[in-house]
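Listing of input37.txt, compact mmCIF, C-alpha atoms
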```
# COMPACT_ATOMS: atom_id res chain seq x y z
CA MET A 1 5.10 5.14 20.93
CA LYS A 2 2.14 3.88 22.91
CA GLY A 3 0.77 1.77 20.10
CA ILE A 4 -1.19 2.03 16.93
CA ASP A 5 -4.06 4.50 17.09
CA PRO A 6 -7.45 2.86 16.38
CA THR A 7 -7.98 5.17 13.40
CA VAL A 8 -4.64 4.17 11.86
CA ARG A 9 -5.49 0.51 12.50
CA ARG A 10 -8.97 0.86 10.93
CA GLU A 11 -7.75 2.76 7.87
CA THR A 12 -4.87 0.34 7.33
CA LEU A 13 -7.29 -2.58 7.52
CA TYR A 14 -9.50 -0.86 4.95
CA ILE A 15 -6.50 -0.38 2.63
CA ALA A 16 -5.35 -3.96 3.22
CA VAL A 17 -8.75 -5.43 2.29
CA TRP A 18 -8.98 -3.34 -0.88
CA THR A 19 -5.38 -4.04 -1.84
CA LEU A 20 -5.80 -7.78 -1.41
CA LEU A 21 -9.11 -7.80 -3.30
CA LEU A 22 -7.64 -5.81 -6.18
CA THR A 23 -4.55 -8.05 -6.17
CA ALA A 24 -6.81 -11.11 -6.44
CA LEU A 25 -8.65 -9.43 -9.32
CA MET A 26 -5.32 -8.67 -10.99
CA GLU A 27 -4.28 -12.31 -10.60
CA ALA A 28 -7.58 -13.39 -12.15
CA VAL A 29 -6.95 -11.14 -15.16
CA TRP A 30 -3.51 -12.69 -15.63
CA LEU A 31 -5.17 -16.12 -15.44
CA ILE A 32 -7.91 -15.20 -17.94
CA VAL A 33 -5.42 -13.90 -20.52
CA GLY A 34 -3.33 -17.05 -20.09
CA ARG A 35 -0.21 -15.34 -18.70
CA TRP A 36 -0.52 -16.42 -15.05
CA THR A 37 2.56 -18.06 -13.53
CA LEU A 38 3.88 -18.53 -10.00
CA PRO A 39 6.14 -15.45 -10.33
CA VAL A 40 2.98 -13.45 -11.09
CA LEU A 41 1.42 -14.76 -7.87
CA TRP A 42 4.51 -14.07 -5.75
CA GLY A 43 5.05 -10.69 -7.41
CA GLY A 44 1.47 -9.67 -6.71
CA LEU A 45 1.70 -10.72 -3.07
CA PHE A 46 5.09 -9.02 -2.72
CA GLY A 47 3.76 -5.76 -4.13
CA ALA A 48 0.55 -5.93 -2.08
CA PHE A 49 2.52 -6.48 1.13
CA PHE A 50 4.67 -3.43 0.55
CA ALA A 51 1.71 -1.30 -0.56
CA ILE A 52 -0.02 -2.06 2.74
CA LEU A 53 3.20 -1.58 4.71
CA ASN A 54 3.77 1.78 3.01
CA PHE A 55 0.29 2.95 4.03
CA LEU A 56 0.77 1.71 7.60
CA LEU A 57 4.09 3.54 7.89
CA MET A 58 2.45 6.71 6.59
CA GLY A 59 -0.34 6.36 9.15
CA LEU A 60 2.15 5.83 11.98
CA THR A 61 4.05 8.92 10.87
CA VAL A 62 0.89 11.01 10.84
CA GLN A 63 0.03 9.64 14.28
CA LYS A 64 3.45 10.69 15.55
CA ALA A 65 3.33 14.09 13.82
CA VAL A 66 -0.02 15.05 15.37
CA GLY A 67 1.56 15.91 18.72
CA LYS A 68 4.41 18.00 17.30
CA GLU A 69 4.85 21.63 16.36
CA GLU A 70 3.87 22.45 12.77
CA LYS A 71 7.47 22.86 11.57
CA ASP A 72 8.61 19.62 13.23
CA ALA A 73 5.56 17.74 11.93
CA ALA A 74 6.20 18.95 8.37
CA GLY A 75 9.84 17.87 8.59
CA LEU A 76 8.84 14.47 9.94
CA MET A 77 6.33 13.99 7.13
CA ARG A 78 8.90 14.96 4.47
CA LEU A 79 11.44 12.55 5.94
CA SER A 80 8.84 9.79 6.07
CA GLN A 81 7.79 10.42 2.48
CA ALA A 82 11.40 10.24 1.29
CA GLY A 83 12.02 7.03 3.25
CA ARG A 84 8.85 5.38 2.02
CA MET A 85 9.63 6.39 -1.57
CA LEU A 86 13.07 4.81 -1.20
CA LEU A 87 11.40 1.67 0.15
CA LEU A 88 9.13 1.48 -2.91
CA VAL A 89 12.08 2.00 -5.27
CA LEU A 90 13.87 -0.87 -3.51
CA VAL A 91 10.75 -3.01 -3.88
CA GLY A 92 10.78 -2.31 -7.63
CA LEU A 93 14.48 -3.12 -7.88
CA ALA A 94 14.03 -6.34 -5.92
CA ALA A 95 11.14 -7.37 -8.15
CA ALA A 96 13.23 -6.60 -11.24
CA LEU A 97 16.33 -8.45 -10.06
CA ILE A 98 14.81 -11.51 -8.37
CA PRO A 99 13.43 -13.93 -10.96
CA PHE A 100 11.07 -15.32 -8.33
CA PHE A 101 8.86 -12.22 -8.88
CA ASP A 102 7.15 -10.86 -11.98
CA LEU A 103 8.06 -7.16 -12.14
CA ILE A 104 4.75 -5.90 -13.53
CA ALA A 105 2.71 -8.02 -11.12
CA ALA A 106 4.78 -6.63 -8.23
CA LEU A 107 4.46 -2.99 -9.29
CA ILE A 108 0.73 -2.81 -10.06
CA PRO A 109 -0.42 -3.45 -6.43
CA LEU A 110 1.60 -0.42 -5.30
CA PHE A 111 -1.16 1.71 -6.89
CA PHE A 112 -4.06 -0.12 -5.24
CA PRO A 113 -4.10 1.99 -2.03
CA ARG A 114 -4.72 5.09 -4.19
CA ILE A 115 -7.65 3.34 -5.84
CA ALA A 116 -9.00 2.35 -2.41
CA VAL A 117 -8.73 5.93 -1.15
CA ALA A 118 -10.45 7.25 -4.28
CA ALA A 119 -13.25 4.68 -3.94
CA ARG A 120 -13.83 5.40 -0.24
CA PRO A 121 -16.56 8.03 -0.72
CA LEU A 122 -18.55 5.62 -2.88
CA PHE A 123 -18.79 3.06 -0.09
CA ASP A 124 -18.75 5.22 3.04
CA ARG A 125 -22.22 4.80 4.56
CA LYS A 126 -21.80 7.60 7.10
CA LYS A 127 -21.28 10.25 4.41
CA ARG A 128 -24.17 8.98 2.26
CA ASP A 129 -26.75 9.06 5.07
```
Can the structure in the file be given as structure tokens, please?
Amino acid sequence: MKGIDPTVRRETLYIAVWTLLLTALMEAVWLIVGRWTLPVLWGGLFGAFFAILNFLLMGLTVQKAVGKEEKDAAGLMRLSQAGRMLLLVLVGLAAALIPFFDLIAALIPLFFPRIAVAARPLFDRKKRD
């Protein structure tokens, strides 16, 4: 692979910023309700890291699939989806088994990229103009 396509880099950065902002907001909520602990912090960062990594891996797979035949691209995307799903299951298991992480705080950030994607049209200046 020649490197990361600028579009994949830009979109991953967008997802990373949103994921980290939403993780900080989540941490603030835990603090406000009086349930914040260090495992909540580490769990949130752990989950945010893997949420961003998952999106990056998906972007790299799409980048690689673009140059392939339709059947090969579809197979590559299915394989990638299965592998990334397994990765997220392992993240959940690790968060559940390692007392250093709060399970809920580690799992919630895995949904933040979906929120970022859904919010994109609200903040995309090019589409509004």
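One distance worth recording is that between CA of Gly92 (chain A) and CA of Leu60 (chain A), which is 22.9 Å.
Shortest atom-to-atom contact with Val89 (chain A) among A:Asn54, A:Thr7, A:Thr12, A:Thr37: A:Asn54, counting only C-alpha atoms.
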| Contact residues around region 18-31 of chain A with only C-alpha atoms at 6 Å, ignoring same-chain residues under 4 positions, as number ranges by chain | A: 35-36, 112, 116
Can those selected residues be exported to a file as an mmCIF file, keeping the file's coordinate frame so that it contains C-alpha atoms?
```cif
data_model
loop_
_atom_site.group_PDB
_atom_site.id
_atom_site.type_symbol
_atom_site.label_atom_id
_atom_site.label_comp_id
_atom_site.auth_asym_id
_atom_site.auth_seq_id
_atom_site.Cartn_x
_atom_site.Cartn_y
_atom_site.Cartn_z
ATOM 1 C CA ARG A 35 -0.210 -15.340 -18.700
ATOM 2 C CA TRP A 36 -0.520 -16.420 -15.050
ATOM 3 C CA PHE A 112 -4.060 -0.120 -5.240
ATOM 4 C CA ALA A 116 -9.000 2.350 -2.410
#
```
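With all atoms listed in the file as the basis for measurement, A:Ala16 is the residue among A:Val66, A:Ala16, A:Ile115, A:Leu122 that approaches Ala51 (chain A) most closely.
Distances to Leu79 (chain A) were evaluated for A:Pro109, A:Ala119, A:Leu57, A:Leu93 using all atoms listed in the file, and the minimum falls at A:Leu57.
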